[in-house]
file protein_22.cif (mmCIF, C-alpha atoms and all ligand atoms)
data_input
#
loop_
_atom_site.label_atom_id
_atom_site.label_comp_id
_atom_site.auth_asym_id
_atom_site.auth_seq_id
_atom_site.Cartn_x
_atom_site.Cartn_y
_atom_site.Cartn_z
CA MET A 471 109.58 135.79 125.77
CA GLN A 472 106.13 135.87 127.27
CA PRO A 473 103.72 136.61 124.49
CA GLN A 474 101.62 139.70 124.86
CA PRO A 475 99.14 138.35 122.37
CA SER A 476 96.16 140.37 123.41
CA GLY A 477 97.85 143.45 122.06
CA ARG A 478 98.59 141.77 118.80
CA ARG A 479 95.19 140.44 118.08
CA ILE A 480 93.47 142.09 115.25
CA SER A 481 90.06 143.55 115.19
CA SER A 482 87.30 141.74 113.52
CA ARG A 483 86.25 143.95 110.73
CA ARG A 484 83.15 144.42 108.83
CA LEU A 485 83.78 146.00 105.50
CA ALA A 486 84.43 149.68 105.83
CA ALA A 487 81.99 150.08 102.99
CA LEU A 488 79.29 148.78 105.26
CA ALA A 489 79.38 152.02 107.16
CA SER A 490 77.90 153.84 104.24
CA ILE A 491 75.04 151.42 103.65
CA THR A 492 71.69 152.74 104.81
CA ALA A 493 69.75 150.96 107.49
CA LEU A 494 67.18 149.85 104.94
CA THR A 495 69.75 148.30 102.64
CA LEU A 496 71.43 146.65 105.58
CA ALA A 497 68.18 145.11 106.76
CA VAL A 498 67.53 143.69 103.30
CA SER A 499 71.07 142.39 102.98
CA THR A 500 70.78 140.84 106.35
CA SER A 501 67.69 138.82 105.73
CA ALA A 502 69.26 137.64 102.51
CA GLY A 503 72.38 136.85 104.50
CA ASN A 504 70.65 134.56 106.90
CA SER A 505 72.12 131.17 106.30
CA ARG A 506 68.92 129.33 107.13
CA LEU A 507 66.68 131.31 104.84
CA SER A 508 65.93 131.83 101.27
CA PRO A 509 66.02 135.53 100.47
CA GLY A 510 62.70 137.18 101.06
CA THR A 511 61.36 134.80 103.65
CA SER A 512 61.07 135.66 107.30
CA ALA A 513 61.73 133.39 110.19
CA ALA A 514 61.99 133.26 113.91
CA GLY A 515 65.30 132.30 115.39
CA ALA A 516 67.34 134.10 112.78
CA GLY A 517 69.83 136.85 113.35
CA PRO A 518 71.09 138.02 116.74
CA SER A 519 69.13 136.93 119.76
CA PRO A 520 66.49 139.24 121.18
CA LEU A 521 67.46 141.06 124.33
CA SER A 522 65.31 140.17 127.29
CA HIS A 523 64.07 143.45 128.77
CA SER A 524 61.06 145.28 130.15
CA SER A 525 60.01 148.91 129.87
CA ALA A 526 62.00 149.60 133.05
CA HIS A 527 65.16 148.77 131.11
CA GLY A 528 64.55 151.50 128.55
CA PRO A 529 67.19 153.93 129.88
CA CYS A 530 69.72 151.07 129.95
CA LEU A 531 69.33 150.18 126.27
CA ILE A 532 72.35 152.17 125.20
CA SER A 533 73.16 152.51 121.52
CA SER A 534 75.76 154.22 119.42
CA SER A 535 75.11 157.72 118.12
CA ARG A 536 77.52 157.31 115.24
CA GLU A 537 78.71 154.62 112.84
CA VAL A 538 80.95 152.08 114.49
CA GLN A 539 82.00 148.72 113.06
CA MET A 540 80.97 146.76 116.13
CA SER A 541 79.29 148.36 119.12
CA GLU A 542 78.54 147.33 122.70
CA GLY A 543 75.08 148.84 122.22
CA VAL A 544 71.95 146.77 122.78
CA PRO A 545 70.19 145.13 121.17
CA THR A 546 72.76 143.78 118.71
CA PRO A 547 71.96 144.93 115.16
CA PRO A 548 70.88 142.41 112.51
CA GLY A 549 73.30 140.34 110.48
CA TYR A 550 75.09 138.44 113.24
CA THR A 551 74.54 134.85 114.30
CA ARG A 552 71.87 133.95 116.82
CA SER A 553 73.38 133.12 120.23
CA ILE A 554 70.62 131.09 121.90
CA GLY A 555 69.15 127.73 121.09
CA THR A 556 70.80 125.27 118.76
CA VAL A 557 73.50 126.85 116.61
CA ARG A 558 75.13 124.71 113.95
CA ALA A 559 78.77 125.54 113.30
CA LEU A 560 80.08 124.22 110.01
CA THR A 561 83.69 123.40 110.82
CA LEU A 562 86.21 122.81 108.02
CA MET A 563 89.88 121.94 108.34
CA ILE A 564 91.83 123.31 105.39
CA ASP A 565 95.36 122.91 104.09
CA PHE A 566 97.42 124.07 101.12
CA PRO A 567 99.78 122.60 98.52
CA ASP A 568 102.69 124.43 100.19
CA ALA A 569 101.44 123.64 103.70
CA PRO A 570 99.95 120.16 103.64
CA GLY A 571 98.09 119.15 106.77
CA GLU A 572 100.29 117.19 109.12
CA GLY A 573 98.56 114.24 110.69
CA ASP A 574 94.85 113.73 110.94
CA ALA A 575 92.50 116.66 110.29
CA LEU A 576 90.40 115.38 113.18
CA ASP A 577 93.33 116.04 115.50
CA ARG A 578 93.18 119.69 114.50
CA TYR A 579 89.45 119.62 115.17
CA GLY A 580 90.21 118.03 118.54
CA GLU A 581 92.25 121.06 119.58
CA PHE A 582 88.98 123.03 119.73
CA PHE A 583 86.24 120.51 120.40
CA PRO A 584 84.48 119.56 122.52
CA GLN A 585 86.01 122.37 124.61
CA THR A 586 84.47 125.25 122.65
CA ARG A 587 81.01 123.68 122.81
CA GLU A 588 81.43 123.16 126.56
CA TRP A 589 82.70 126.70 127.04
CA PHE A 590 79.55 128.16 125.47
CA ARG A 591 77.27 125.77 127.34
CA THR A 592 78.81 126.84 130.65
CA SER A 593 78.92 130.55 129.90
CA SER A 594 75.36 130.64 128.56
CA TYR A 595 73.85 128.63 131.46
CA GLY A 596 72.88 126.05 128.86
CA ARG A 597 71.06 128.53 126.61
CA LEU A 598 73.45 128.15 123.68
CA ASP A 599 73.57 124.63 122.31
CA TYR A 600 76.61 125.00 120.06
CA ARG A 601 76.93 122.10 117.66
CA PRO A 602 80.15 121.79 115.71
CA GLU A 603 79.60 119.74 112.58
CA ILE A 604 82.25 118.20 110.35
CA PRO A 605 80.67 116.93 107.15
CA LEU A 606 84.24 116.72 105.73
CA PRO A 607 86.42 115.03 108.35
CA ASP A 608 89.57 115.24 106.18
CA TRP A 609 91.81 118.12 105.21
CA LEU A 610 90.13 120.23 102.57
CA ARG A 611 92.91 121.09 100.12
CA MET A 612 92.94 124.62 98.70
CA PRO A 613 93.83 124.93 95.00
CA ARG A 614 96.52 127.55 95.55
CA PRO A 615 99.54 127.81 97.84
CA PHE A 616 98.96 129.60 101.15
CA ARG A 617 101.22 132.47 100.18
CA ALA A 618 99.20 133.08 97.00
CA TYR A 619 96.29 134.36 99.08
CA GLY A 620 98.40 137.05 100.71
CA ILE A 621 96.76 136.53 104.09
CA GLU A 622 98.07 139.11 106.49
CA ARG A 623 97.17 140.30 109.91
CA GLY A 624 94.21 142.63 109.71
CA ALA A 625 93.55 141.88 106.06
CA PRO A 626 90.06 142.96 105.04
CA PHE A 627 87.78 140.61 103.15
CA ASP A 628 89.42 141.75 99.91
CA PRO A 629 91.15 140.38 98.04
CA GLY A 630 92.90 137.42 99.66
CA TYR A 631 90.03 136.42 101.90
CA ARG A 632 87.50 136.69 99.12
CA GLU A 633 89.60 134.27 97.10
CA LEU A 634 90.14 131.98 100.05
CA VAL A 635 86.43 131.91 100.91
CA ARG A 636 85.52 131.32 97.26
CA ASP A 637 87.99 128.45 97.06
CA ILE A 638 86.72 126.97 100.33
CA VAL A 639 83.15 127.15 99.09
CA GLU A 640 84.07 125.64 95.74
CA ALA A 641 86.04 122.79 97.31
CA ALA A 642 83.40 121.97 99.91
CA ASP A 643 80.21 122.70 97.99
CA PRO A 644 79.72 119.29 96.38
CA GLU A 645 79.43 117.75 99.85
CA VAL A 646 78.24 120.64 102.01
CA ASP A 647 74.94 122.51 102.09
CA PHE A 648 76.09 125.85 103.45
CA GLN A 649 72.50 126.94 104.06
CA ALA A 650 72.17 124.34 106.78
CA TYR A 651 74.57 126.14 109.11
CA ASP A 652 74.56 129.27 111.25
CA LEU A 653 78.26 130.04 111.18
CA LEU A 654 81.50 128.82 109.63
CA ASN A 655 84.70 127.85 111.43
CA VAL A 656 87.81 127.46 109.29
CA LEU A 657 90.57 125.64 111.16
CA VAL A 658 93.68 126.23 109.09
CA THR A 659 96.52 123.72 109.23
CA PRO A 660 98.93 125.12 111.84
CA ASN A 661 101.92 124.97 109.49
CA ALA A 662 100.43 127.64 107.19
CA GLY A 663 101.64 131.12 108.03
CA PRO A 664 103.57 132.48 110.99
CA SER A 665 103.52 131.25 114.57
CA ALA A 666 100.81 132.86 116.70
CA LEU A 667 103.66 133.85 119.01
CA ASP A 668 104.84 136.22 116.28
CA THR A 669 101.64 137.29 114.56
CA VAL A 670 98.10 136.37 115.41
CA LEU A 671 96.33 135.91 112.09
CA SER A 672 93.14 134.45 113.52
CA VAL A 673 90.23 136.63 112.52
CA THR A 674 86.47 136.74 112.16
CA PHE A 675 84.33 138.38 109.56
CA ALA A 676 81.02 139.04 111.19
CA GLY A 677 77.73 140.48 110.05
CA ASN A 678 79.16 140.91 106.58
CA PRO A 679 76.47 140.65 103.90
CA GLU A 680 79.03 141.43 101.20
CA ALA A 681 80.98 138.23 101.78
CA PRO A 682 81.30 135.74 98.94
CA SER A 683 78.22 133.52 98.75
CA ALA A 684 77.70 129.84 99.12
CA ASP A 685 74.51 128.08 98.10
CA GLY A 686 72.96 131.46 97.41
CA THR A 687 73.73 133.18 100.72
CA PRO A 688 76.78 135.17 101.82
CA VAL A 689 79.26 133.53 104.16
CA ALA A 690 78.55 136.48 106.47
CA ASN A 691 79.82 135.07 109.77
CA ALA A 692 83.06 133.14 109.55
CA SER A 693 85.91 132.58 112.01
CA PHE A 694 89.40 131.63 110.82
CA VAL A 695 91.92 130.12 113.22
CA TYR A 696 95.61 129.92 112.30
CA SER A 697 98.64 128.48 114.05
CA ARG A 698 98.45 127.55 117.73
CA GLN A 699 98.23 129.91 120.67
CA ASP A 700 100.87 127.92 122.49
CA ASP A 701 103.02 129.94 124.87
CA GLY A 702 105.23 126.97 125.65
CA SER A 703 104.08 126.83 129.27
CA GLY A 704 102.70 123.33 128.74
CA SER A 705 99.09 124.46 129.05
CA TYR A 706 98.19 124.40 125.35
CA HIS A 707 96.06 121.28 125.65
CA ARG A 708 93.92 123.07 128.26
CA THR A 709 93.90 126.64 126.98
CA GLY A 710 94.71 126.64 123.27
CA TYR A 711 91.09 126.29 122.15
CA ARG A 712 90.14 129.63 123.69
CA VAL A 713 90.89 131.56 120.52
CA LEU A 714 87.78 129.99 118.99
CA PRO A 715 85.20 131.15 121.58
CA HIS A 716 86.82 134.59 121.18
CA GLU A 717 86.48 134.54 117.41
CA ASN A 718 82.94 133.16 117.62
CA GLY A 719 82.13 135.99 120.05
CA HIS A 720 82.47 138.24 117.01
CA VAL A 721 80.00 136.26 114.93
CA PHE A 722 77.54 136.81 117.78
CA GLY A 723 78.20 140.56 117.51
CA LEU A 724 80.73 141.22 120.28
CA PRO A 725 83.58 143.71 119.76
CA ASP A 726 87.22 143.31 120.77
CA LEU A 727 87.94 144.65 124.24
CA TYR A 728 91.73 144.68 124.05
CA THR A 729 93.25 147.79 122.58
CA ALA A 730 96.47 148.67 120.79
CA GLY A 731 97.90 148.86 124.30
CA GLY A 732 96.94 145.28 125.11
CA GLY A 733 94.58 143.94 127.76
CA GLY A 734 94.87 146.88 130.14
CA ALA A 735 91.28 148.09 129.65
CA VAL A 736 89.45 144.95 130.75
CA GLY A 737 92.20 142.53 131.79
CA HIS A 738 91.19 138.89 132.09
CA TRP A 739 87.52 139.63 132.87
CA ASP A 740 86.25 138.75 129.38
CA ILE A 741 87.44 136.42 126.66
CA MET A 742 87.02 139.26 124.13
CA SER A 743 89.83 140.96 126.06
CA GLU A 744 92.21 138.06 126.71
CA ASP A 745 91.96 134.64 125.09
CA TRP A 746 95.39 133.30 126.01
CA GLY A 747 96.16 131.75 129.37
CA ALA A 748 93.75 130.38 131.96
CA ASN A 749 90.04 130.16 131.21
CA ASN A 750 87.81 133.19 131.70
CA ASP A 751 84.19 134.08 131.06
CA PHE A 752 82.20 136.83 129.37
CA LEU A 753 81.24 139.98 131.22
CA GLY A 754 77.65 140.16 132.45
CA TRP A 755 76.99 142.89 129.87
CA HIS A 756 77.89 140.46 127.10
CA LYS A 757 75.70 137.75 128.62
CA TRP A 758 72.72 140.10 128.60
CA LYS A 759 73.54 141.24 125.06
CA LEU A 760 73.72 137.60 123.92
CA GLY A 761 70.31 136.73 125.38
CA TRP A 762 71.63 134.62 128.25
CA LEU A 763 70.15 136.75 131.05
CA ASP A 764 66.45 137.35 131.64
CA ALA A 765 65.07 140.83 132.20
CA ALA A 766 64.53 139.97 135.88
CA GLN A 767 68.26 139.25 136.27
CA VAL A 768 69.25 142.72 135.12
CA GLY A 769 68.63 145.83 137.21
CA CYS A 770 68.47 149.23 135.54
CA ALA A 771 69.43 151.92 138.04
CA ALA A 772 68.10 154.94 136.20
CA ASP A 773 66.12 156.75 138.88
CA ARG A 774 67.29 159.47 141.24
CA GLY A 775 67.78 158.49 144.85
CA THR A 776 69.17 155.40 146.52
CA LYS A 777 68.38 151.79 145.78
CA GLU A 778 69.91 148.51 146.88
CA TYR A 779 70.43 145.49 144.66
CA SER A 780 71.49 141.90 145.26
CA LEU A 781 73.96 140.20 142.97
CA THR A 782 74.82 136.49 142.75
CA PRO A 783 77.97 135.01 141.16
CA LEU A 784 77.93 135.59 137.40
CA ALA A 785 79.28 132.11 136.70
CA GLU A 786 76.35 130.39 138.44
CA ALA A 787 72.91 130.01 136.89
CA GLY A 788 69.92 131.84 138.37
CA GLY A 789 69.49 134.96 140.48
CA PRO A 790 70.29 138.61 139.81
CA LYS A 791 73.46 139.02 137.72
CA LEU A 792 73.84 142.56 136.46
CA VAL A 793 73.05 146.13 137.47
CA PHE A 794 73.46 148.84 134.88
CA VAL A 795 73.68 152.51 135.82
CA PRO A 796 73.07 154.51 132.64
CA LEU A 797 74.90 157.79 132.15
CA ASP A 798 73.19 158.82 128.93
CA GLY A 799 71.79 157.04 125.91
CA ARG A 800 75.22 155.79 124.92
CA SER A 801 77.09 154.70 128.04
CA GLY A 802 76.85 153.63 131.64
CA TYR A 803 78.36 151.61 134.48
CA ALA A 804 77.84 147.87 134.87
CA LEU A 805 78.13 145.99 138.17
CA GLU A 806 78.44 142.22 138.60
CA LEU A 807 79.73 139.66 141.09
CA ARG A 808 82.75 137.67 139.91
CA THR A 809 83.98 134.58 141.74
CA ARG A 810 86.15 131.60 140.89
CA ALA A 811 83.57 129.31 139.30
CA GLY A 812 82.46 128.05 135.92
CA ASN A 813 84.67 129.44 133.17
CA ASP A 814 86.27 131.91 135.60
CA GLU A 815 89.27 129.82 136.54
CA VAL A 816 91.68 132.30 138.12
CA VAL A 817 89.60 134.90 139.97
CA CYS A 818 91.81 135.70 142.97
CA ARG A 819 89.70 138.37 144.65
CA PRO A 820 85.97 137.66 144.49
CA GLY A 821 83.88 140.80 144.52
CA ILE A 822 81.93 143.36 142.55
CA LEU A 823 83.42 144.22 139.20
CA ILE A 824 82.59 147.74 138.01
CA TYR A 825 83.11 148.80 134.42
CA LYS A 826 82.04 151.43 131.98
CA VAL A 827 80.35 150.43 128.73
CA ASP A 828 80.35 152.93 125.88
CA ALA A 829 78.37 152.08 122.75
CA ASP A 830 80.07 154.89 120.82
CA VAL A 831 83.55 153.39 121.16
CA ASP A 832 84.44 150.96 118.40
CA THR A 833 85.90 147.47 118.57
CA GLY A 834 89.54 147.49 119.63
CA MET A 835 89.34 151.11 120.80
CA GLY A 836 88.30 150.37 124.39
CA PRO A 837 84.48 150.15 124.38
CA ILE A 838 84.66 148.77 127.94
CA THR A 839 86.87 149.96 130.80
CA VAL A 840 87.20 148.13 134.12
CA TYR A 841 87.72 150.29 137.23
CA ASP A 842 90.54 149.12 139.43
CA SER A 843 89.72 149.23 143.14
CA ARG A 844 93.44 148.78 143.87
CA ARG A 845 95.43 150.82 141.43
CA ASP A 846 99.11 150.00 141.00
CA SER A 847 98.82 147.03 143.34
CA GLY A 848 100.34 144.61 140.85
CA GLY A 849 97.27 142.39 141.15
CA CYS A 850 96.71 139.11 142.92
CA THR A 851 97.42 136.55 140.19
CA ARG A 852 100.61 134.86 139.04
CA SER A 853 98.87 132.98 136.26
CA PRO A 854 100.73 133.32 132.95
CA ASN A 855 99.12 135.43 130.21
CA VAL A 856 96.67 137.00 132.65
CA HIS A 857 96.78 140.79 132.88
CA ALA A 858 97.91 141.00 136.50
CA GLU A 859 97.15 144.58 137.50
CA LEU A 860 93.39 144.29 137.00
CA SER A 861 93.11 140.84 138.60
CA ASP A 862 92.23 142.44 141.96
CA ALA A 863 90.08 145.20 140.46
CA THR A 864 86.92 144.02 142.25
CA PHE A 865 85.25 146.03 145.03
CA VAL A 866 84.52 144.29 148.33
CA PRO A 867 82.17 145.23 151.20
CA GLY A 868 83.06 148.63 152.62
CA GLU A 869 84.45 149.92 149.33
CA SER A 870 82.78 152.33 146.94
CA PHE A 871 83.08 153.72 143.48
CA VAL A 872 82.20 157.36 142.89
CA ASP A 873 81.64 159.38 139.74
CA ARG A 874 81.26 162.79 141.33
CA ARG A 875 80.60 164.57 138.09
CA ALA A 876 77.67 162.34 137.18
CA GLY A 877 76.45 162.23 140.80
CA ILE A 878 76.75 158.45 140.97
CA ARG A 879 77.95 156.42 143.94
CA VAL A 880 78.13 152.63 144.11
CA ALA A 881 78.80 151.14 147.54
CA VAL A 882 79.33 147.45 148.19
CA VAL A 883 77.30 147.06 151.36
CA SER A 884 77.66 143.44 152.39
CA ALA A 885 78.29 139.86 151.37
CA ASP A 886 76.74 136.64 152.66
CA GLU A 887 79.07 134.51 154.71
CA ASP A 888 79.43 132.00 151.89
CA GLY A 889 79.84 134.76 149.31
CA SER A 890 76.76 133.65 147.39
CA THR A 891 75.02 137.04 147.48
CA TYR A 892 76.40 140.55 147.61
CA ARG A 893 74.42 143.73 148.26
CA VAL A 894 75.27 146.93 146.41
CA ARG A 895 73.78 150.38 146.95
CA VAL A 896 73.48 152.74 144.02
CA THR A 897 72.94 156.44 144.75
CA ARG A 898 72.11 158.89 141.99
CA GLU A 899 72.11 162.58 142.70
CA PRO A 900 71.74 165.51 140.37
CA PRO A 901 74.99 165.78 138.42
CA SER A 902 77.54 168.07 140.00
CA THR A 903 77.93 171.42 138.27
CA GLN A 904 81.48 171.74 139.58
CA ASP A 905 84.37 170.17 137.76
ZN ZN B 1001 88.88 139.54 118.15
#
call {"tool": "encode", "arguments": {"input": "protein_22.cif", "output": "structure tokens"}}
result
Amino acid sequence: MQPQPSGRRISSRRLAALASITALTLAVSTSAGNSRLSPGTSAAGAGPSPLSHSSAHGPCLISSSREVQMSEGVPTPPGYTRSIGTVRALTLMIDFPDAPGEGDALDRYGEFFPQTREWFRTSSYGRLDYRPEIPLPDWLRMPRPFRAYGIERGAPFDPGYRELVRDIVEAADPEVDFQAYDLLNVLVTPNAGPSALDTVLSVTFAGNPEAPSADGTPVANASFVYSRQDDGSGSYHRTGYRVLPHENGHVFGLPDLYTAGGGGAVGHWDIMSEDWGANNDFLGWHKWKLGWLDAAQVGCAADRGTKEYSLTPLAEAGGPKLVFVPLDGRSGYALELRTRAGNDEVVCRPGILIYKVDADVDTGMGPITVYDSRRDSGGCTRSPNVHAELSDATFVPGESFVDRRAGIRVAVVSADEDGSTYRVRVTREPPSTQD
């Protein structure tokens, strides 16, 4: 059976209770939750990374109008981990009395590193220096059997995870200064719990100031990886690590893009949509949100009339990367050029990817939707665990996307011979009054 894991992944969840906390309380909790700080101090470099923008980007700074757990809105709210500069990832390998680690804990570590560090370096154009650190290179034994924690798919922080995190902190604390790190990775021995082919337990708790504390600060941003995402195709050694960049995407504030229906909303165009199978990258929207694009690399097409923009391949550093066409204060269309380069390993139809971003739609509910230029084509990829239908979703010169109701037309005008620059024309007219 081919796994359809994207549909089985669980949402990263902040505590539901968080929704009722006022902005003021949240801000206070957040500064206290910063792992590098003592409560009450302020510091640069803490929290999510600032979005690079100018006043011209104002209409493109979409935000949610209601409470959502994790939103695509920009900038990312406080409480998440900074995504630029040097980020220290405390990485612990844990096992249990009823599931003792098999072999060397460093082999488990080696399933994810250095690949995850490299993945972020490539995707961020070198802006994120992700440093995994293993102060405890052996298995860290938990005091209770795995089954005693009652870890289940989608389990909230209570009660099993609270106990697990408390036990992790207690076991590691004599040797580990938790305040020295920006995020926590827990690599669980693969023999604990079900196969990832049956149930994906891997989960991240992000921006959670109510997490159990360690060394005086909450373990607010923690990714747990269980089992192995091994589909039996023989590619595990190349692709199995990709669950960790996905989970860490949550600690940086990114929502899940797959839905209950699987990867059909975004396909293989972002690792928050599909993290099995061949390598893929983040969407340009995520790169801007994470602080990896400068203001000059992002066009905001807010004005009436017609304007042309150049776009260069998203996977390559430098040049214009993203055009956003805002619809209202909460949503809009994003345009970017995707090619087979960098982390994008299986792009089979280079071209302009067009997708809608909606800050009001929560994680796992489809906050981003890719438009398919070739509906029902079956796609152009045969790569396993890649959503095929959307693999040829890109628009090429001569093709256009139209939202008649909003009076928006995006035409792909031309491409350089070597495909290194595309031109797109965005036309905004007064919204149509006809339905
Ligand atoms: Zn996720």
call {"tool": "residues_around", "arguments": {"input": "protein_22.cif", "residues": "Glu778 of chain A", "least_positions_apart": "4", "cutoff": "10 Å", "atoms": "all atoms listed in the file", "output": "list in words"}}
result
Ala771, Val880, Ala881, Val882, Val883, Arg893, Val894, Arg895, Val896 and Thr897 of chain A
call {"tool": "atom_distance", "arguments": {"input": "protein_22.cif", "atom1": "atom CA of Gly704 of chain A", "atom2": "atom CA of Ala748 of chain A"}}
result
11.8 Å
call {"tool": "residues_around", "arguments": {"input": "protein_22.cif", "residues": "Pro820 of chain A", "least_positions_apart": "6", "cutoff": "10 Å", "atoms": "only C-alpha atoms", "output": "CSV table (one decimal) with C-alpha atoms, in the coordinates of the input"}}
result
chain,number,residue,atom,x,y,z
A,783,PRO,CA,78.0,135.0,141.2
A,807,LEU,CA,79.7,139.7,141.1
A,808,ARG,CA,82.8,137.7,139.9
A,809,THR,CA,84.0,134.6,141.7
A,810,ARG,CA,86.2,131.6,140.9
A,861,SER,CA,93.1,140.8,138.6
A,862,ASP,CA,92.2,142.4,142.0
A,863,ALA,CA,90.1,145.2,140.5
A,864,THR,CA,86.9,144.0,142.2
A,865,PHE,CA,85.2,146.0,145.0
A,866,VAL,CA,84.5,144.3,148.3
A,889,GLY,CA,79.8,134.8,149.3
call {"tool": "residues_near_point", "arguments": {"input": "protein_22.cif", "point": "(69.2, 153.4, 135.4)", "cutoff": "7 Å", "atoms": "all atoms listed in the file", "output": "ChimeraX atom specification"}}
result
/A:529-530,770-773,794-796
call {"tool": "closest_atom_pairs", "arguments": {"input": "protein_22.cif", "of": "segment 689-788 of chain A", "to": "segment 584-591 of chain A", "cutoff": "9 Å", "atoms": "only C-alpha atoms", "output": "JSON lines"}}
result
{"residue": "A:Arg708", "atom": "CA", "partner": "A:Gln585", "partner_atom": "CA", "distance": 8.7}
{"residue": "A:Tyr711", "atom": "CA", "partner": "A:Thr586", "partner_atom": "CA", "distance": 6.7}
{"residue": "A:Arg712", "atom": "CA", "partner": "A:Thr586", "partner_atom": "CA", "distance": 7.2}
{"residue": "A:Leu714", "atom": "CA", "partner": "A:Thr586", "partner_atom": "CA", "distance": 6.8}
{"residue": "A:Pro715", "atom": "CA", "partner": "A:Thr586", "partner_atom": "CA", "distance": 6.0}
{"residue": "A:Asp751", "atom": "CA", "partner": "A:Trp589", "partner_atom": "CA", "distance": 8.5}
call {"tool": "closest_residue", "arguments": {"input": "protein_22.cif", "among": "A:Phe582, A:Ser519, A:Gln649, A:Ser541", "to": "Arg558 of chain A", "atoms": "all atoms listed in the file"}}
result
A:Gln649
call {"tool": "closest_residue", "arguments": {"input": "protein_22.cif", "among": "A:Pro901, A:Pro790, A:Pro518, A:Gly731", "to": "Gly877 of chain A", "atoms": "only C-alpha atoms"}}
result
A:Pro901
call {"tool": "atom_distance", "arguments": {"input": "protein_22.cif", "atom1": "atom CA of Gly620 of chain A", "atom2": "atom CA of Val656 of chain A"}}
result
16.7 Å
call {"tool": "closest_residue", "arguments": {"input": "protein_22.cif", "among": "A:Ile564, A:Cys850, A:Val646, A:Ile878", "to": "Pro613 of chain A", "atoms": "all atoms listed in the file"}}
result
A:Ile564
call {"tool": "atom_distance", "arguments": {"input": "protein_22.cif", "atom1": "atom CA of Pro602 of chain A", "atom2": "atom CA of Tyr651 of chain A"}}
result
9.7 Å
call {"tool": "closest_residue", "arguments": {"input": "protein_22.cif", "among": "A:Gly734, A:Gly719, A:Gly849, A:Pro837", "to": "ligand ZN 1001 (chain B)", "atoms": "only C-alpha atoms and all ligand atoms"}}
result
A:Gly719
call {"tool": "residues_around", "arguments": {"input": "protein_22.cif", "residues": "Ala876 of chain A", "least_positions_apart": "4", "cutoff": "8 Å", "atoms": "only C-alpha atoms", "output": "JSON, numbers by chain"}}
result
{"A": [797, 899, 900, 901, 902]}
call {"tool": "closest_residue", "arguments": {"input": "protein_22.cif", "among": "A:Leu531, A:Ala575, A:Leu653, A:Ala676", "to": "ligand ZN 1001 (chain B)", "atoms": "only C-alpha atoms and all ligand atoms"}}
result
A:Ala676
call {"tool": "closest_residue", "arguments": {"input": "protein_22.cif", "among": "A:Ala569, A:Leu667, A:Leu598, A:Leu727", "to": "ligand ZN 1001 (chain B)", "atoms": "only C-alpha atoms and all ligand atoms"}}
result
A:Leu727
call {"tool": "residues_around", "arguments": {"input": "protein_22.cif", "residues": "Leu610 of chain A", "least_positions_apart": "5", "cutoff": "10 Å", "atoms": "only C-alpha atoms", "output": "list in words"}}
result
Leu562, Met563, Ile564, Asp565, Phe566, Pro570, Gly571, Ala575, Ile638, Ala641, Ala642, Val658 and Thr659 of chain A
call {"tool": "residues_around", "arguments": {"input": "protein_22.cif", "residues": "segment 685-691 of chain A", "least_positions_apart": "3", "cutoff": "7 Å", "atoms": "all atoms listed in the file", "output": "PyMOL selection string"}}
result
chain A and resi 502-503+505+550-551+647-649+653-654+675-682+721
